[in-house]
Every structure is written in structure tokens, then in C-alpha cells.
>>> print(open('my_file.txt').read())   # compact mmCIF, C-alpha atoms (C1' of nucleotides)
# COMPACT_ATOMS: atom_id res chain seq x y z
CA MET A 11 56.98 199.32 -144.17
CA THR A 12 55.10 198.81 -147.37
CA LYS A 13 52.59 201.34 -146.17
CA ASP A 14 55.13 204.14 -146.21
CA ILE A 15 56.23 203.25 -149.69
CA GLU A 16 52.68 203.12 -150.91
CA SER A 17 51.79 206.47 -149.44
CA THR A 18 54.94 207.96 -150.91
CA LEU A 19 53.80 206.91 -154.33
CA LYS A 20 50.32 208.26 -153.77
CA SER A 21 51.64 211.57 -152.53
CA LYS A 22 53.43 211.94 -155.84
CA ASN A 23 50.35 211.02 -157.81
CA ILE A 24 51.76 207.71 -158.90
CA ASN A 25 49.52 204.72 -159.10
CA PRO A 26 50.96 202.24 -156.59
CA THR A 27 51.26 199.04 -158.57
CA ALA A 28 53.09 195.99 -157.31
CA MET A 29 56.01 196.61 -159.66
CA ARG A 30 56.38 200.20 -158.57
CA LEU A 31 56.29 199.30 -154.92
CA LEU A 32 59.09 196.85 -155.51
CA VAL A 33 61.17 199.33 -157.48
CA LEU A 34 60.72 202.09 -154.94
CA ASP A 35 61.51 199.72 -152.13
CA PHE A 36 64.68 198.73 -153.92
CA LEU A 37 65.63 202.34 -154.50
CA THR A 38 65.25 203.27 -150.86
CA LYS A 39 67.72 200.56 -149.94
CA GLN A 40 70.48 201.88 -152.16
CA THR A 41 73.40 203.84 -150.83
CA SER A 42 74.41 205.05 -154.27
CA ALA A 43 72.73 205.94 -157.52
CA ILE A 44 71.91 202.95 -159.70
CA SER A 45 71.63 202.36 -163.39
CA LEU A 46 68.90 200.53 -165.20
CA ASN A 47 71.20 197.54 -165.35
CA ASP A 48 71.74 197.58 -161.61
CA LEU A 49 68.04 197.74 -161.07
CA GLU A 50 67.42 194.86 -163.42
CA LYS A 51 70.01 192.70 -161.69
CA GLY A 52 68.93 193.71 -158.22
CA MET A 53 65.29 192.95 -158.72
CA GLY A 54 63.86 189.55 -159.39
CA PRO A 55 63.24 188.56 -162.95
CA SER A 56 61.39 191.47 -164.46
CA ASP A 57 61.17 193.14 -167.76
CA ARG A 58 63.86 195.65 -168.52
CA ILE A 59 61.58 197.97 -170.45
CA THR A 60 59.03 198.04 -167.70
CA LEU A 61 61.73 198.99 -165.24
CA TYR A 62 62.90 201.64 -167.65
CA ARG A 63 59.43 203.11 -167.89
CA THR A 64 58.95 202.88 -164.17
CA LEU A 65 62.03 204.99 -163.64
CA LYS A 66 60.84 207.46 -166.25
CA THR A 67 57.50 207.72 -164.50
CA PHE A 68 59.21 208.28 -161.18
CA GLU A 69 61.35 210.95 -162.73
CA ASP A 70 58.39 212.69 -164.32
CA LYS A 71 56.61 212.80 -161.02
CA GLY A 72 59.60 214.10 -159.13
CA LEU A 73 60.35 211.00 -157.14
CA VAL A 74 63.80 210.28 -158.54
CA HIS A 75 66.27 212.31 -160.54
CA SER A 76 68.55 211.06 -163.23
CA ILE A 77 72.29 211.57 -163.29
CA GLU A 78 74.56 211.53 -166.27
CA ASP A 79 77.86 210.64 -164.71
CA GLY A 80 79.80 210.26 -167.90
CA THR A 81 79.86 206.48 -167.85
CA GLY A 82 77.30 206.36 -170.62
CA ALA A 83 74.66 204.76 -168.46
CA THR A 84 72.14 207.04 -166.80
CA LYS A 85 71.93 206.61 -163.04
CA TYR A 86 68.89 207.22 -160.88
CA ALA A 87 68.54 208.21 -157.28
CA LEU A 88 65.71 209.25 -155.00
CA CYS A 89 65.01 212.94 -154.86
CA ASP A 90 65.06 215.05 -151.80
CA ILE A 91 61.76 216.09 -150.36
CA GLY A 92 60.38 219.01 -152.30
CA CYS A 93 60.93 217.82 -155.83
CA ASP A 94 58.02 217.66 -158.17
CA GLY A 95 57.60 216.97 -161.82
CA GLU A 96 58.04 220.59 -162.77
CA ASN A 97 61.02 221.43 -160.75
CA HIS A 98 63.74 219.07 -159.68
CA HIS A 99 65.77 220.38 -156.80
CA ASP A 100 68.74 218.25 -157.57
CA LEU A 101 71.23 221.05 -157.59
CA HIS A 102 73.56 219.12 -155.41
CA VAL A 103 76.85 217.62 -156.42
CA HIS A 104 77.21 214.08 -157.69
CA PHE A 105 80.34 212.16 -156.99
CA TYR A 106 81.63 209.32 -159.12
CA CYS A 107 84.22 207.07 -157.49
CA ASN A 108 86.94 205.99 -159.88
CA SER A 109 87.70 203.08 -157.59
CA CYS A 110 84.39 201.40 -156.82
CA LYS A 111 82.60 202.93 -159.83
CA GLU A 112 79.67 204.03 -157.73
CA THR A 113 77.88 207.32 -158.11
CA PHE A 114 76.81 209.13 -154.96
CA CYS A 115 74.56 212.06 -154.31
CA LEU A 116 76.08 214.62 -152.02
CA PRO A 117 72.87 216.36 -151.02
CA ASN A 118 74.58 218.69 -148.60
CA THR A 119 77.13 219.88 -151.11
CA LYS A 120 75.45 222.53 -153.20
CA ILE A 121 76.70 223.93 -156.44
CA PRO A 122 78.01 227.41 -155.74
CA GLU A 123 76.98 230.46 -157.67
CA ILE A 124 78.80 230.75 -160.96
CA ALA A 125 79.35 234.07 -162.67
CA LEU A 126 78.64 233.42 -166.33
CA PRO A 127 79.69 235.71 -169.16
CA ALA A 128 77.12 238.29 -170.18
CA GLY A 129 74.22 236.94 -172.17
CA PHE A 130 74.29 233.39 -170.85
CA GLU A 131 71.20 232.47 -168.89
CA PRO A 132 71.48 229.32 -166.78
CA GLN A 133 68.51 227.03 -166.31
CA GLU A 134 69.98 223.77 -165.07
CA MET A 135 73.33 222.76 -163.68
CA ASN A 136 75.03 219.46 -163.43
CA LEU A 137 78.25 219.01 -161.51
CA ILE A 138 79.98 215.66 -161.51
CA ILE A 139 83.09 215.28 -159.42
CA LYS A 140 85.18 212.20 -159.97
CA GLY A 141 87.68 210.87 -157.53
CA ILE A 142 87.90 208.50 -154.60
CA CYS A 143 84.93 208.13 -152.33
CA GLU A 144 84.89 207.98 -148.59
CA LEU A 145 84.75 204.19 -148.38
CA CYS A 146 87.53 203.60 -150.88
CA SER A 147 89.85 206.20 -149.38
CA HIS A 148 90.31 204.26 -146.15
CA MET B 20 98.13 228.67 -192.29
CA THR B 21 98.71 225.01 -192.81
CA LYS B 22 102.16 225.47 -191.36
CA ASP B 23 100.80 226.50 -187.99
CA ILE B 24 98.47 223.54 -187.90
CA GLU B 25 101.25 221.18 -188.83
CA SER B 26 103.57 222.52 -186.18
CA THR B 27 100.79 222.30 -183.63
CA LEU B 28 100.47 218.61 -184.37
CA LYS B 29 104.20 218.08 -184.17
CA SER B 30 104.45 219.93 -180.89
CA LYS B 31 101.97 217.44 -179.47
CA ASN B 32 103.86 214.49 -180.89
CA ILE B 33 101.19 213.70 -183.43
CA ASN B 34 102.18 212.54 -186.86
CA PRO B 35 100.82 215.21 -189.20
CA THR B 36 98.94 213.26 -191.82
CA ALA B 37 96.66 214.81 -194.37
CA MET B 38 93.57 213.61 -192.55
CA ARG B 39 94.74 215.02 -189.24
CA LEU B 40 95.59 218.36 -190.74
CA LEU B 41 92.10 218.57 -192.16
CA VAL B 42 90.46 217.59 -188.88
CA LEU B 43 92.52 220.01 -186.84
CA ASP B 44 91.86 222.76 -189.34
CA PHE B 45 88.17 222.07 -189.07
CA LEU B 46 88.32 222.11 -185.29
CA THR B 47 90.01 225.47 -185.15
CA LYS B 48 87.19 226.97 -187.18
CA GLN B 49 84.49 225.91 -184.76
CA THR B 50 82.87 228.28 -182.33
CA SER B 51 81.35 225.48 -180.30
CA ALA B 52 82.19 221.92 -179.36
CA ILE B 53 81.31 219.38 -182.01
CA SER B 54 80.28 215.78 -182.02
CA LEU B 55 81.61 213.01 -184.19
CA ASN B 56 78.53 213.42 -186.35
CA ASP B 57 79.14 217.12 -186.82
CA LEU B 58 82.70 216.38 -187.81
CA GLU B 59 81.62 213.77 -190.28
CA LYS B 60 79.12 216.09 -191.88
CA GLY B 61 81.42 219.07 -191.87
CA MET B 62 84.31 217.31 -193.52
CA GLY B 63 84.29 215.99 -197.00
CA PRO B 64 83.53 212.32 -197.52
CA SER B 65 85.67 210.51 -195.02
CA ASP B 66 85.44 207.45 -192.90
CA ARG B 67 83.59 207.85 -189.66
CA ILE B 68 85.82 205.45 -187.78
CA THR B 69 88.95 207.16 -188.91
CA LEU B 70 87.55 210.45 -187.68
CA TYR B 71 86.66 208.79 -184.42
CA ARG B 72 90.19 207.50 -184.00
CA THR B 73 91.63 210.82 -185.00
CA LEU B 74 89.70 212.51 -182.23
CA LYS B 75 90.80 209.84 -179.77
CA THR B 76 94.39 210.38 -180.78
CA PHE B 77 94.03 214.12 -180.35
CA GLU B 78 92.50 213.58 -176.95
CA ASP B 79 95.25 211.22 -175.85
CA LYS B 80 97.86 213.72 -176.85
CA GLY B 81 96.17 216.61 -175.11
CA LEU B 82 95.07 218.51 -178.17
CA VAL B 83 91.33 218.29 -177.62
CA HIS B 84 89.17 217.42 -174.66
CA SER B 85 85.91 215.57 -174.71
CA ILE B 86 82.71 216.81 -173.15
CA GLU B 87 79.77 214.77 -172.00
CA ASP B 88 76.98 217.28 -172.17
CA GLY B 89 74.20 214.86 -171.44
CA THR B 90 72.93 214.68 -175.00
CA GLY B 91 74.38 211.20 -175.35
CA ALA B 92 76.88 212.20 -178.00
CA THR B 93 80.37 213.08 -176.86
CA LYS B 94 81.49 216.53 -177.96
CA TYR B 95 85.06 217.58 -178.64
CA ALA B 96 86.76 220.94 -178.45
CA LEU B 97 90.30 222.19 -178.68
CA CYS B 98 92.19 222.34 -175.42
CA ASP B 99 93.74 225.41 -173.95
CA ILE B 100 97.46 225.73 -174.16
CA GLY B 101 99.05 223.68 -171.43
CA CYS B 102 97.13 220.47 -171.78
CA ASP B 103 99.02 217.27 -172.34
CA GLY B 104 98.09 213.64 -172.50
CA GLU B 105 98.58 213.16 -168.79
CA ASN B 106 96.75 216.14 -167.49
CA HIS B 107 93.87 217.90 -169.13
CA HIS B 108 93.33 221.38 -167.81
CA ASP B 109 89.74 221.49 -168.87
CA LEU B 110 88.42 222.59 -165.53
CA HIS B 111 86.33 225.28 -167.08
CA VAL B 112 82.60 225.30 -167.39
CA HIS B 113 80.76 223.92 -170.37
CA PHE B 114 77.51 225.48 -171.44
CA TYR B 115 74.81 223.68 -173.36
CA CYS B 116 72.22 225.87 -175.04
CA ASN B 117 68.72 224.46 -174.85
CA SER B 118 67.75 226.63 -177.78
CA CYS B 119 70.41 226.13 -180.44
CA LYS B 120 71.64 222.81 -178.97
CA GLU B 121 75.26 223.89 -179.15
CA THR B 122 77.84 223.20 -176.48
CA PHE B 123 80.30 225.96 -175.66
CA CYS B 124 83.47 226.05 -173.65
CA LEU B 125 83.60 228.93 -171.22
CA PRO B 126 87.34 228.93 -170.66
CA ASN B 127 87.25 231.99 -168.44
CA THR B 128 84.62 230.60 -166.14
CA LYS B 129 86.38 228.33 -163.71
CA ILE B 130 84.77 225.84 -161.43
CA PRO B 131 84.98 227.23 -157.90
CA GLU B 132 86.36 225.34 -154.97
CA ILE B 133 83.89 222.87 -153.56
CA ALA B 134 84.03 221.70 -149.99
CA LEU B 135 83.41 217.97 -150.12
CA PRO B 136 82.42 215.82 -147.17
CA ALA B 137 85.30 214.24 -145.28
CA GLY B 138 86.88 211.30 -147.05
CA PHE B 139 86.01 212.28 -150.59
CA GLU B 140 89.06 213.04 -152.70
CA PRO B 141 88.36 214.86 -155.94
CA GLN B 142 90.39 214.14 -159.06
CA GLU B 143 88.35 215.52 -161.93
CA MET B 144 85.39 217.83 -162.16
CA ASN B 145 82.83 218.31 -164.85
CA LEU B 146 80.32 221.13 -164.72
CA ILE B 147 77.67 221.40 -167.39
CA ILE B 148 75.35 224.36 -167.26
CA LYS B 149 72.30 224.29 -169.48
CA GLY B 150 70.31 227.31 -170.47
CA ILE B 151 70.19 229.94 -173.17
CA CYS B 152 73.42 231.05 -174.77
CA GLU B 153 74.51 234.54 -175.59
CA LEU B 154 73.46 234.38 -179.23
CA CYS B 155 70.04 232.92 -178.55
CA SER B 156 69.21 235.30 -175.71
CA HIS B 157 69.09 238.31 -178.01
C1' DG C 27 113.45 195.47 -202.89
C1' DA C 28 111.95 193.42 -198.44
C1' DA C 29 110.49 193.99 -193.86
C1' DC C 30 108.18 197.06 -190.86
C1' DC C 31 105.15 200.37 -188.71
C1' DG C 32 101.64 203.69 -188.51
C1' DA C 33 97.37 205.28 -190.64
C1' DT C 34 93.22 204.34 -192.95
C1' DG C 35 88.91 202.02 -194.38
C1' DC C 36 85.43 198.46 -194.04
C1' DA C 37 82.75 195.10 -191.50
C1' DA C 38 80.84 193.82 -187.50
C1' DT C 39 79.52 194.08 -182.65
C1' DG C 40 77.93 195.70 -178.01
C1' DC C 41 75.36 198.63 -175.24
C1' DT C 42 71.91 202.09 -173.96
C1' DA C 43 67.87 204.38 -174.92
C1' DT C 44 63.42 204.39 -177.00
C1' DT C 45 59.07 203.30 -179.46
C1' DG C 46 55.07 200.28 -181.29
C1' DC C 47 51.92 197.04 -180.37
C1' DA C 48 49.39 193.55 -178.09
C1' DA C 49 48.06 191.26 -173.73
C1' DA C 50 46.90 191.64 -168.93
C1' DG C 51 45.17 194.06 -165.20
C1' DT C 52 42.37 197.74 -162.86
C1' DA C 53 38.66 201.13 -162.24
C1' DC C 54 34.14 202.62 -163.16
C1' DG C 55 29.39 203.09 -164.64
C1' DT C 56 25.17 200.46 -165.55
C1' DA D 29 28.30 190.85 -162.36
C1' DC D 30 29.37 192.82 -167.17
C1' DG D 31 31.38 195.52 -170.40
C1' DT D 32 34.06 199.57 -171.47
C1' DA D 33 37.86 202.59 -171.00
C1' DC D 34 42.22 203.48 -169.21
C1' DT D 35 46.62 202.09 -167.26
C1' DT D 36 50.33 199.07 -166.83
C1' DT D 37 53.16 195.50 -168.38
C1' DG D 38 55.78 192.52 -171.57
C1' DC D 39 57.74 191.40 -175.96
C1' DA D 40 59.69 192.66 -180.38
C1' DA D 41 62.09 195.73 -182.84
C1' DT D 42 64.76 199.85 -183.92
C1' DA D 43 68.01 203.76 -183.72
C1' DG D 44 72.25 205.82 -182.45
C1' DC D 45 76.84 206.08 -180.43
C1' DA D 46 81.02 203.83 -179.13
C1' DT D 47 84.36 200.43 -180.05
C1' DT D 48 87.15 196.57 -181.88
C1' DG D 49 89.18 193.26 -185.45
C1' DC D 50 91.14 192.74 -189.62
C1' DA D 51 92.79 193.77 -194.18
C1' DT D 52 94.95 197.30 -196.99
C1' DC D 53 97.74 201.06 -198.17
C1' DG D 54 101.69 204.19 -197.82
C1' DG D 55 105.84 205.62 -196.33
C1' DT D 56 110.46 204.50 -193.80
C1' DT D 57 114.45 201.86 -192.97
C1' DC D 58 117.94 198.59 -193.78
>>> encode(input="my_file.txt", output="C-alpha cells")
Amino acid sequence: MTKDIESTLKSKNINPTAMRLLVLDFLTKQTSAISLNDLEKGMGPSDRITLYRTLKTFEDKGLVHSIEDGTGATKYALCDIGCDGENHHDLHVHFYCNSCKETFCLPNTKIPEIALPAGFEPQEMNLIIKGICELCSH
Amino acid sequence: MTKDIESTLKSKNINPTAMRLLVLDFLTKQTSAISLNDLEKGMGPSDRITLYRTLKTFEDKGLVHSIEDGTGATKYALCDIGCDGENHHDLHVHFYCNSCKETFCLPNTKIPEIALPAGFEPQEMNLIIKGICELCSH
DNA sequence: GAACCGATGCAATGCTATTGCAAAGTACGT
DNA sequence: ACGTACTTTGCAATAGCATTGCATCGGTTC
């Protein structure tokens, strides 16, 4: 369904180049968030920096969001519908599995309201839960 | 109160060397979490690697906990009473100020219970809230 | 004093993120 | 079709943090 991928890019105002189609196609096939390294290994031989910039572009345009899961390597995953460059709606929980080392989005698990001390004004939130994922707990 | 600092180290089974006394003393004077760079700059001329290992030792022994606030540099802050090497009780919220770039522990703001999807078993949680801190919001 | 062990300091390395610059490709107006 | 301008890509290079190996130093023990 290259057509779908292409129109997805266009709807986000991203020029649909061959490289970007490939990257987006790869991203849609993932079941967990991937790092730049994963992407580089998963794709054919391509330039690491180009992949890096492709992810940055996607992030700017609200197509993917980045996740700092504490491993040191930034992970990327497709956004939910409704994200744009200005406003990422990625206020869901991210889960890092200590067993398989994968990072998952839990889009249906929202971060609850937190009562902050007076004077603190929240703008973004980032909740990483580490543990054993569904697949590894069997 | 060098005596207090020394006994704190001993109570955590850490050999109280001159360097460690200095580092711990410095840590107790902080109002926010500090990075290795901050420590290096704040202390007199000392070896970066030694400071790094000192922090690691403190972390192993449950004296400080490390915070990944997404800036790329690991921050360290003193633990609450009750932490040990096996079990860090750092389940409080960490707040990163987008204005002054400081990272604060909010020890009285606990992470609420999160209902995870079936099969996911949580072990650790890490909640970073970014925004404007109390001092900068005035 | 000799052997030993932990702590320290220096050198060196690995990895991720990031930028500069040049080449290749694409779009557009004439 | 041609040239120009803009975008994208690829390569080289750099910066910063984390981490390890090894030698040295200092104190402890026998």
C-alpha cells in the first residue's frame, strides 16, 4: 500500500521522497519503538545521517515522536492521529522491557493528573515504566 | 558538620575518603540535581573520572539516585532516607525547568498508580515533568 | 618492611547526537 | 529543453557523555 504511505506523508506536509517512503513503511511495521541504530540495521544500506534527519523531519511534522527511555539511545515511534508539529499528543506511557530491551508505546494508558507543588507549571510529561512486557511475562 | 557527613558515609558502608567527604558535602548544598559537569565545575580542581566513580559508588550504595531528564547528561541527587543499594525509593517526580534548565526532585509528589494493560509487570517508574519551576514562574 | 587492597589519576575508547559542506535530485519559470 | 533555485542526500568531521584499562599512591595488616 505505497499509496497510503505516500498520502500520509503528504497530509503531514512532508515531501514524499523514496527514502522517506521506505522509512515510514519500515516504521509502520514495527511493534515497538526503534532507535536510529535499529532503523539503520533494518533498512537496506543507507546513510545513517540521512536516516537521522529523516526521523527529525518526521518528528518536526508530527508524524513520529521521540522517546528517551533511559538507555541513552533515543527511540522513535509513530504518533497517534492528531499530532502535528506544534503539539505532540504523546502523553501516553512508554514501557521499557528489562527482558527483551524493547520500548513500547502504551497509547491507551494515559498519564494521570499530577498535583504539583505551588508555582510549578507543567508543559510536557514523560513517563517511562520499566519492567517485564506482555510477551516476556509468559 | 564534617562529622555528620562522615557518619552518613559510614552508615552506607562507604569508606569516607577526603574526596568523598567533599563530594557529599557539595551534594548536600545543592537545591537541584546536578550533572557530572556541574560537580566538576563546582568542586576544586579534581579528576573528572574520579568524580564519576564517586557518584557511581554513591549510587550503588543508595546514597544518591541518578535522573535521566532527557538532556543527555545524567543528573544526580541525594536519596531520601531509606534507600539502599538494592532498592532505590526514588519513585517521586522529577521536574525539569525549561527556563533555568535545572532539574528538581519533588519528593512529596509521588507517581500515582497506573493501570497497565494485562501482562505488563512494572518494576521501576520514571516520571519527568518539564515546564516552569517555582522560582522562574515569579 | 613486604604484601595487599582500595582509591585516585591519566590515557584512551565507544557511542550517540549534531553540524558543515558538497553532490545529486527535483520543481519551476522562460 | 535549459537554467536556476530549492530540497534532499551522502560524506566528513566534531562535540559531549559514559566507560574501561592501567599505573600510581596511600593506608592496613601480618
>>> residues_around(input="my_file.txt", residues="DG38 of chain D", least_positions_apart="5", cutoff="12 Å", atoms="only C-alpha atoms (C1' of nucleotides)", output="ChimeraX atom specification")
/A:56-61,63 /C:47-50
>>> residues_near_point(input="my_file.txt", point="(69.7, 210.7, -160.8)", cutoff="6 Å", atoms="all atoms listed in the file", output="list in words")
His75, Ser76, Ile77, Lys85, Tyr86 and Ala87 of chain A
>>> interface_residues(input="my_file.txt", of="chain D", to="chain A", cutoff="12 Å", atoms="all atoms listed in the file", output="number ranges by chain")
D: 35-40, 45-46
>>> residues_around(input="my_file.txt", residues="Thr41 of chain A", least_positions_apart="2", cutoff="12 Å", atoms="only C-alpha atoms (C1' of nucleotides)", output="JSON, numbers by chain")
{"A": [36, 37, 38, 39, 43, 44, 86, 87, 88, 112, 113, 114, 115, 116, 145]}
>>> write_last_selection(input="my_file.txt", atoms="C-alpha atoms", output="mmCIF file, keeping the file's coordinate frame")
data_model
loop_
_atom_site.group_PDB
_atom_site.id
_atom_site.type_symbol
_atom_site.label_atom_id
_atom_site.label_comp_id
_atom_site.auth_asym_id
_atom_site.auth_seq_id
_atom_site.Cartn_x
_atom_site.Cartn_y
_atom_site.Cartn_z
ATOM 1 C CA PHE A 36 64.680 198.730 -153.920
ATOM 2 C CA LEU A 37 65.630 202.340 -154.500
ATOM 3 C CA THR A 38 65.250 203.270 -150.860
ATOM 4 C CA LYS A 39 67.720 200.560 -149.940
ATOM 5 C CA ALA A 43 72.730 205.940 -157.520
ATOM 6 C CA ILE A 44 71.910 202.950 -159.700
ATOM 7 C CA TYR A 86 68.890 207.220 -160.880
ATOM 8 C CA ALA A 87 68.540 208.210 -157.280
ATOM 9 C CA LEU A 88 65.710 209.250 -155.000
ATOM 10 C CA GLU A 112 79.670 204.030 -157.730
ATOM 11 C CA THR A 113 77.880 207.320 -158.110
ATOM 12 C CA PHE A 114 76.810 209.130 -154.960
ATOM 13 C CA CYS A 115 74.560 212.060 -154.310
ATOM 14 C CA LEU A 116 76.080 214.620 -152.020
ATOM 15 C CA LEU A 145 84.750 204.190 -148.380
#
>>> interface_residues(input="my_file.txt", of="chain C", to="chain B", cutoff="12 Å", atoms="only C-alpha atoms (C1' of nucleotides)", output="list in words")
DG32, DA33, DT34, DG35, DC36, DA37, DT42 and DA43 of chain C
>>> atom_distance(input="my_file.txt", atom1="atom CA of Tyr62 of chain A", atom2="atom CA of Asn145 of chain B")
26.1 Å
>>> residues_around(input="my_file.txt", residues="DC54 of chain C", least_positions_apart="5", cutoff="12 Å", atoms="all atoms listed in the file", output="short mmCIF file (atom, residue, chain, number, x, y, z; two decimals) with C-alpha atoms (C1' of nucleotides), in the coordinates of the input")
data_model
loop_
_atom_site.label_atom_id
_atom_site.label_comp_id
_atom_site.auth_asym_id
_atom_site.auth_seq_id
_atom_site.Cartn_x
_atom_site.Cartn_y
_atom_site.Cartn_z
"C1'" DC D 30 29.37 192.82 -167.17
"C1'" DG D 31 31.38 195.52 -170.40
"C1'" DT D 32 34.06 199.57 -171.47
"C1'" DA D 33 37.86 202.59 -171.00
"C1'" DC D 34 42.22 203.48 -169.21
#
>>> build_atoms(input="my_file.txt", residues="segment 91-104 of chain B", atoms="N, CA, C and O atoms", output="CSV table (one decimal), in the coordinates of the input")
chain,number,residue,atom,x,y,z
B,91,GLY,N,74.1,212.6,-174.9
B,91,GLY,CA,74.4,211.2,-175.4
B,91,GLY,C,75.5,211.1,-176.3
B,91,GLY,O,76.2,210.1,-176.4
B,92,ALA,N,75.8,212.2,-177.1
B,92,ALA,CA,76.9,212.2,-178.0
B,92,ALA,C,78.0,213.0,-177.4
B,92,ALA,O,77.8,214.1,-177.0
B,93,THR,N,79.2,212.4,-177.4
B,93,THR,CA,80.4,213.1,-176.9
B,93,THR,C,80.8,214.2,-177.8
B,93,THR,O,80.8,214.1,-179.0
B,94,LYS,N,81.1,215.4,-177.2
B,94,LYS,CA,81.5,216.5,-178.0
B,94,LYS,C,83.0,216.7,-177.7
B,94,LYS,O,83.5,216.4,-176.7
B,95,TYR,N,83.6,217.3,-178.7
B,95,TYR,CA,85.1,217.6,-178.6
B,95,TYR,C,85.4,219.1,-178.9
B,95,TYR,O,84.7,219.7,-179.7
B,96,ALA,N,86.3,219.6,-178.2
B,96,ALA,CA,86.8,220.9,-178.4
B,96,ALA,C,88.3,221.0,-178.2
B,96,ALA,O,88.8,220.2,-177.5
B,97,LEU,N,88.9,222.0,-178.8
B,97,LEU,CA,90.3,222.2,-178.7
B,97,LEU,C,90.6,222.5,-177.2
B,97,LEU,O,89.9,223.3,-176.6
B,98,CYS,N,91.8,222.0,-176.8
B,98,CYS,CA,92.2,222.3,-175.4
B,98,CYS,C,92.8,223.7,-175.4
B,98,CYS,O,93.3,224.3,-176.4
B,99,ASP,N,92.9,224.2,-174.2
B,99,ASP,CA,93.7,225.4,-174.0
B,99,ASP,C,95.2,225.0,-174.0
B,99,ASP,O,95.5,223.8,-174.0
B,100,ILE,N,96.0,226.0,-174.2
B,100,ILE,CA,97.5,225.7,-174.2
B,100,ILE,C,97.8,225.2,-172.8
B,100,ILE,O,97.3,225.7,-171.8
B,101,GLY,N,98.6,224.2,-172.7
B,101,GLY,CA,99.0,223.7,-171.4
B,101,GLY,C,98.5,222.3,-171.1
B,101,GLY,O,99.0,221.6,-170.2
B,102,CYS,N,97.6,221.8,-172.0
B,102,CYS,CA,97.1,220.5,-171.8
B,102,CYS,C,98.2,219.5,-172.3
B,102,CYS,O,98.8,219.8,-173.3
B,103,ASP,N,98.3,218.4,-171.7
B,103,ASP,CA,99.0,217.3,-172.3
B,103,ASP,C,98.2,216.0,-172.1
B,103,ASP,O,97.2,216.0,-171.5
B,104,GLY,N,98.8,214.9,-172.6
B,104,GLY,CA,98.1,213.6,-172.5
B,104,GLY,C,97.8,213.2,-171.1
B,104,GLY,O,96.8,212.6,-170.8
